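Please read the structure below before turning to the comments.
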Amino acid sequence: MVDTLQWLALEVKYLDRAQSFYEAFLELDVVREDDTEAVLDAGGTELILRTPSGVPRGGLHTHYACSIPREEYDSWYSRLGERFELVEETFGDSKSLYFYDTEGNCVELGQTTVEGPGVDGIFEVVFEVEDLPGAEAFYERLGFETVDEGADRKRVRMSSGSFDIELWEPHLGLADARGGVHVDVGIGTADPAATAERVSDDALAVETIDAGYRIRDPDGHYISVVGQ
């Protein structure tokens, strides 16, 4: 079974500007950097900012959600509201705020049970897909379970148990967000070989990497399954 989200990569045109944004507004620390990418620590998940210098590229207009402690929400809203036009949504007894980064990615900060302080992990990533039933079946074989779907079937939410993905047909979601294209994520699993084998017949490609296997799904997203 798939388990933890190890990384999310975003494509950026101007690395210095995007890096400064995430350092200043999400208060993320840089783990390592070079001329083509910067890796920031998003509470144990790596957020990779990558220039269009190779393949995989990183996602474009990706909507993703970061966990923040419940008690910090008001202070985040107050501080970010001074600089951004925030959108707020309520889910049961939890709230999320939405705003956009320098590259048009929709960043969500959501109240969860994390300890913090600050951003403490990424709990959701949205993928744009062409064939929703086919994509749902592919990710079920990869190890995700469907836990929710839109009334109009434009989206489904799937969970690994520790983080979620959403599969969206092309449309505007909350805060006018769009699903990401050519998204690149890393997922930890106890058995990378077995995980890759389950989807090998339907994947566009499966290649060996140092820590496991890189899978290219039918929509061109890159899912690396790595040991943990």
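Simple scheme: letters A, B, ... for chains in structure tokens order, numbers from 1 for residues in each chain, numbers from 1 for ligands in the order shown.
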At most 10 Å is the cut-off: for each residue in region 13-79 of chain A with any atom that close to an atom of region 97-100 of chain A, write down the nearest atom pair and the distance in Å rounded to one decimal, counting only C-alpha atoms, chain first then increasing number, as CSV.
residue,atom,partner,partner_atom,distance
A:His61,CA,A:Tyr100,CA,9.4
A:His63,CA,A:Tyr100,CA,9.2
A:Tyr64,CA,A:Tyr98,CA,9.7
A:Ala65,CA,A:Tyr98,CA,8.8
A:Tyr73,CA,A:Leu97,CA,8.7
A:Trp76,CA,A:Leu97,CA,8.9
A:Tyr77,CA,A:Leu97,CA,7.2
Name all residues at most 12 Å from Gly59 (chain A) (count only C-alpha atoms; drop same-chain ones fewer than 5 positions away) and give them as number ranges by chain. A: 7-13, 47-52, 64, 103-106, 125-128, 178-185, 220-223
Give the helix (DSSP H, G or I) residues of region 83-215 of chain A, as assigned by DSSP on the backbone, as a PyMOL selection string. chain A and resi 132-142+174-176+192-199
Selection near Ser162 (chain A), 9 Å with only C-alpha atoms, sequence-local residues under 6 positions removed, as a list in words: Asp3, Thr4, Leu5 and Phe123 of chain A
Selection to disk with all heavy atoms, as a PDB file, in the first residue's frame:
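So the final result, stored in part28.pdb, reads:
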ATOM      1  N   ASP A   3       1.719   5.062   1.204  1.00  0.00           N
ATOM      2  CA  ASP A   3       1.596   5.587   2.562  1.00  0.00           C
ATOM      3  C   ASP A   3       1.797   7.092   2.588  1.00  0.00           C
ATOM      4  O   ASP A   3       0.854   7.848   2.480  1.00  0.00           O
ATOM      5  CB  ASP A   3       2.587   4.862   3.473  1.00  0.00           C
ATOM      6  CG  ASP A   3       2.367   5.185   4.936  1.00  0.00           C
ATOM      7  OD1 ASP A   3       1.376   5.871   5.242  1.00  0.00           O
ATOM      8  OD2 ASP A   3       3.170   4.766   5.767  1.00  0.00           O
ATOM      9  N   THR A   4       3.037   7.558   2.703  1.00  0.00           N
ATOM     10  CA  THR A   4       3.302   8.973   2.960  1.00  0.00           C
ATOM     11  C   THR A   4       3.644   9.739   1.685  1.00  0.00           C
ATOM     12  O   THR A   4       4.222   9.198   0.741  1.00  0.00           O
ATOM     13  CB  THR A   4       4.473   9.111   3.942  1.00  0.00           C
ATOM     14  OG1 THR A   4       5.608   8.432   3.396  1.00  0.00           O
ATOM     15  CG2 THR A   4       4.114   8.504   5.279  1.00  0.00           C
ATOM     16  N   LEU A   5       3.293  11.027   1.678  1.00  0.00           N
ATOM     17  CA  LEU A   5       3.699  11.913   0.593  1.00  0.00           C
ATOM     18  C   LEU A   5       5.097  12.424   0.892  1.00  0.00           C
ATOM     19  O   LEU A   5       5.312  13.122   1.887  1.00  0.00           O
ATOM     20  CB  LEU A   5       2.714  13.082   0.467  1.00  0.00           C
ATOM     21  CG  LEU A   5       3.003  14.070  -0.664  1.00  0.00           C
ATOM     22  CD1 LEU A   5       2.865  13.394  -2.029  1.00  0.00           C
ATOM     23  CD2 LEU A   5       2.073  15.274  -0.572  1.00  0.00           C
ATOM     24  N   PHE A 123      -1.418  17.683   2.832  1.00  0.00           N
ATOM     25  CA  PHE A 123      -2.398  16.618   3.000  1.00  0.00           C
ATOM     26  C   PHE A 123      -3.263  16.369   1.772  1.00  0.00           C
ATOM     27  O   PHE A 123      -4.077  15.447   1.768  1.00  0.00           O
ATOM     28  CB  PHE A 123      -3.291  16.870   4.220  1.00  0.00           C
ATOM     29  CG  PHE A 123      -4.247  18.038   4.115  1.00  0.00           C
ATOM     30  CD1 PHE A 123      -5.496  17.891   3.536  1.00  0.00           C
ATOM     31  CD2 PHE A 123      -3.904  19.276   4.640  1.00  0.00           C
ATOM     32  CE1 PHE A 123      -6.384  18.951   3.460  1.00  0.00           C
ATOM     33  CE2 PHE A 123      -4.784  20.345   4.581  1.00  0.00           C
ATOM     34  CZ  PHE A 123      -6.031  20.186   3.986  1.00  0.00           C
TER      35      PHE A 123
END
Rows by chain and residue number, region 75-172 of chain A within 10 Å of region 17-41 of chain A, shortest pair, only C-alpha atoms, as JSON lines:
{"residue": "A:Trp76", "atom": "CA", "partner": "A:Leu26", "partner_atom": "CA", "distance": 9.2}
{"residue": "A:Arg79", "atom": "CA", "partner": "A:Phe25", "partner_atom": "CA", "distance": 8.9}
{"residue": "A:Leu80", "atom": "CA", "partner": "A:Phe25", "partner_atom": "CA", "distance": 7.3}
{"residue": "A:Arg83", "atom": "CA", "partner": "A:Phe25", "partner_atom": "CA", "distance": 9.4}
{"residue": "A:Asp101", "atom": "CA", "partner": "A:Phe21", "partner_atom": "CA", "distance": 7.2}
{"residue": "A:Thr102", "atom": "CA", "partner": "A:Ala18", "partner_atom": "CA", "distance": 6.0}
{"residue": "A:Glu103", "atom": "CA", "partner": "A:Ala18", "partner_atom": "CA", "distance": 7.5}
{"residue": "A:Val107", "atom": "CA", "partner": "A:Leu26", "partner_atom": "CA", "distance": 9.8}
{"residue": "A:Leu109", "atom": "CA", "partner": "A:Leu26", "partner_atom": "CA", "distance": 9.4}
{"residue": "A:Gly118", "atom": "CA", "partner": "A:Glu27", "partner_atom": "CA", "distance": 7.6}
{"residue": "A:Val119", "atom": "CA", "partner": "A:Leu26", "partner_atom": "CA", "distance": 7.1}
{"residue": "A:Asp120", "atom": "CA", "partner": "A:Asp41", "partner_atom": "CA", "distance": 9.1}
{"residue": "A:Gly121", "atom": "CA", "partner": "A:Asp41", "partner_atom": "CA", "distance": 8.7}
Rank nothing, just name the residue among A:Ser67, A:Thr62, A:Thr45, A:Thr146 nearest to Lys95 (chain A), using only C-alpha atoms.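 The answer is A:Ser67, which sits nearest to Lys95 (chain A).
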Please give the complete set of residues from region 3-199 of chain A that DSSP, run on the backbone, assigns to strand (DSSP E or B), formatted as a PyMOL selection string. chain A and resi 3-11+29-33+37-42+45-50+59-60+63-69+87-91+94-100+106-112+122-128+145-149+155-159+164-168+180-181+184-189
Can you list, as a CSV table (one decimal) with C-alpha atoms, in the first residue's frame, every protein, DNA or RNA residue that comes within 9 Å of Met158 (chain A) when you count only C-alpha atoms, leaving out same-chain residues fewer than 3 positions away?
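Saved result, part11.csv, follows:
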chain,number,residue,atom,x,y,z
A,136,GLU,CA,-9.9,6.4,-10.5
A,139,TYR,CA,-5.1,5.0,-8.5
A,140,GLU,CA,-7.2,2.3,-6.8
A,144,PHE,CA,-5.7,4.7,-2.9
A,145,GLU,CA,-9.3,4.3,-1.8
A,146,THR,CA,-12.1,6.5,-3.0
A,147,VAL,CA,-13.7,8.4,-0.1
A,148,ASP,CA,-15.7,11.1,-1.7
A,149,GLU,CA,-17.0,12.3,-5.1
A,163,PHE,CA,-2.8,12.1,2.6
A,164,ASP,CA,-5.4,12.5,-0.2
A,165,ILE,CA,-5.4,13.1,-3.9
A,166,GLU,CA,-8.2,14.6,-5.9
A,167,LEU,CA,-8.8,13.7,-9.5
With distances taken over only C-alpha atoms, which of A:Phe84, A:Glu108, A:Ser159, A:Ala177 is nearest to Leu60 (chain A)? A:Ala177
Distance in Å - CA of Gly227 (chain A) versus CA of Ala135 (chain A):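 Separating CA of Gly227 (chain A) from CA of Ala135 (chain A) is a distance of 23.7 Å.
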Show me, as a ChimeraX atom specification, the residues that have an atom within 10 Å of Thr208 (chain A) when counting only C-alpha atoms, minus same-chain residues fewer than 4 positions from it. /A:193,196,212-215,224-225
Store the residues of this selection in a file with N, CA, C and O atoms, as a PDB file, in the first residue's frame.
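Generated output (result-v1.pdb):
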ATOM      1  N   ALA A 193       8.496  -2.047  -5.567  1.00  0.00           N
ATOM      2  CA  ALA A 193       8.418  -2.922  -6.740  1.00  0.00           C
ATOM      3  C   ALA A 193       7.012  -3.468  -6.926  1.00  0.00           C
ATOM      4  O   ALA A 193       6.469  -3.464  -8.042  1.00  0.00           O
ATOM      5  N   ALA A 196       4.611  -0.622  -8.082  1.00  0.00           N
ATOM      6  CA  ALA A 196       4.769  -0.301  -9.497  1.00  0.00           C
ATOM      7  C   ALA A 196       4.210  -1.400 -10.382  1.00  0.00           C
ATOM      8  O   ALA A 196       3.607  -1.127 -11.435  1.00  0.00           O
ATOM      9  N   GLY A 212      13.557   3.740  -5.945  1.00  0.00           N
ATOM     10  CA  GLY A 212      12.390   2.920  -6.257  1.00  0.00           C
ATOM     11  C   GLY A 212      12.045   2.968  -7.728  1.00  0.00           C
ATOM     12  O   GLY A 212      12.871   2.646  -8.589  1.00  0.00           O
ATOM     13  N   TYR A 213      10.821   3.414  -8.049  1.00  0.00           N
ATOM     14  CA  TYR A 213      10.335   3.422  -9.428  1.00  0.00           C
ATOM     15  C   TYR A 213       9.573   4.710  -9.703  1.00  0.00           C
ATOM     16  O   TYR A 213       8.850   5.212  -8.842  1.00  0.00           O
ATOM     17  N   ARG A 214       9.747   5.226 -10.924  1.00  0.00           N
ATOM     18  CA  ARG A 214       8.994   6.389 -11.360  1.00  0.00           C
ATOM     19  C   ARG A 214       7.948   5.928 -12.378  1.00  0.00           C
ATOM     20  O   ARG A 214       8.285   5.335 -13.404  1.00  0.00           O
ATOM     21  N   ILE A 215       6.693   6.216 -12.069  1.00  0.00           N
ATOM     22  CA  ILE A 215       5.566   5.800 -12.898  1.00  0.00           C
ATOM     23  C   ILE A 215       4.995   7.036 -13.593  1.00  0.00           C
ATOM     24  O   ILE A 215       4.796   8.082 -12.958  1.00  0.00           O
ATOM     25  N   SER A 224       6.382   8.839  -8.298  1.00  0.00           N
ATOM     26  CA  SER A 224       7.527   8.040  -7.885  1.00  0.00           C
ATOM     27  C   SER A 224       7.173   7.305  -6.603  1.00  0.00           C
ATOM     28  O   SER A 224       6.721   7.914  -5.632  1.00  0.00           O
ATOM     29  N   VAL A 225       7.349   5.987  -6.623  1.00  0.00           N
ATOM     30  CA  VAL A 225       7.116   5.183  -5.414  1.00  0.00           C
ATOM     31  C   VAL A 225       8.477   4.788  -4.880  1.00  0.00           C
ATOM     32  O   VAL A 225       9.292   4.186  -5.576  1.00  0.00           O
TER      33      VAL A 225
END
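For the pair CA of Ala205 (chain A) and CA of Gln228 (chain A), the interatomic distance is 22.4 Å.
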Could you check the closest approach to Glu71 (chain A) for each of A:Leu132, A:Ala42, A:Val114, A:Ala211 and tell me which residue wins, using only C-alpha atoms?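 Closest residue, counting only C-alpha atoms: A:Val114.
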May I ask for the distance between CA of Lys154 (chain A) and CA of Ala137 (chain A), given in Å to one decimal place? 15.1 Å
From the set A:Pro218, A:Glu115, A:Ser75, A:Gly58, which residue has the shortest atom-to-atom contact distance to Pro133 (chain A), counting only C-alpha atoms?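 The shortest atom-to-atom distance to Pro133 (chain A) comes from A:Pro218.
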Between A:Gly150, A:Pro56, A:Gly143, A:Gly161, which is the closest to Pro192 (chain A) once you count only C-alpha atoms?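 Among the listed residues, A:Gly143 lies closest to Pro192 (chain A).
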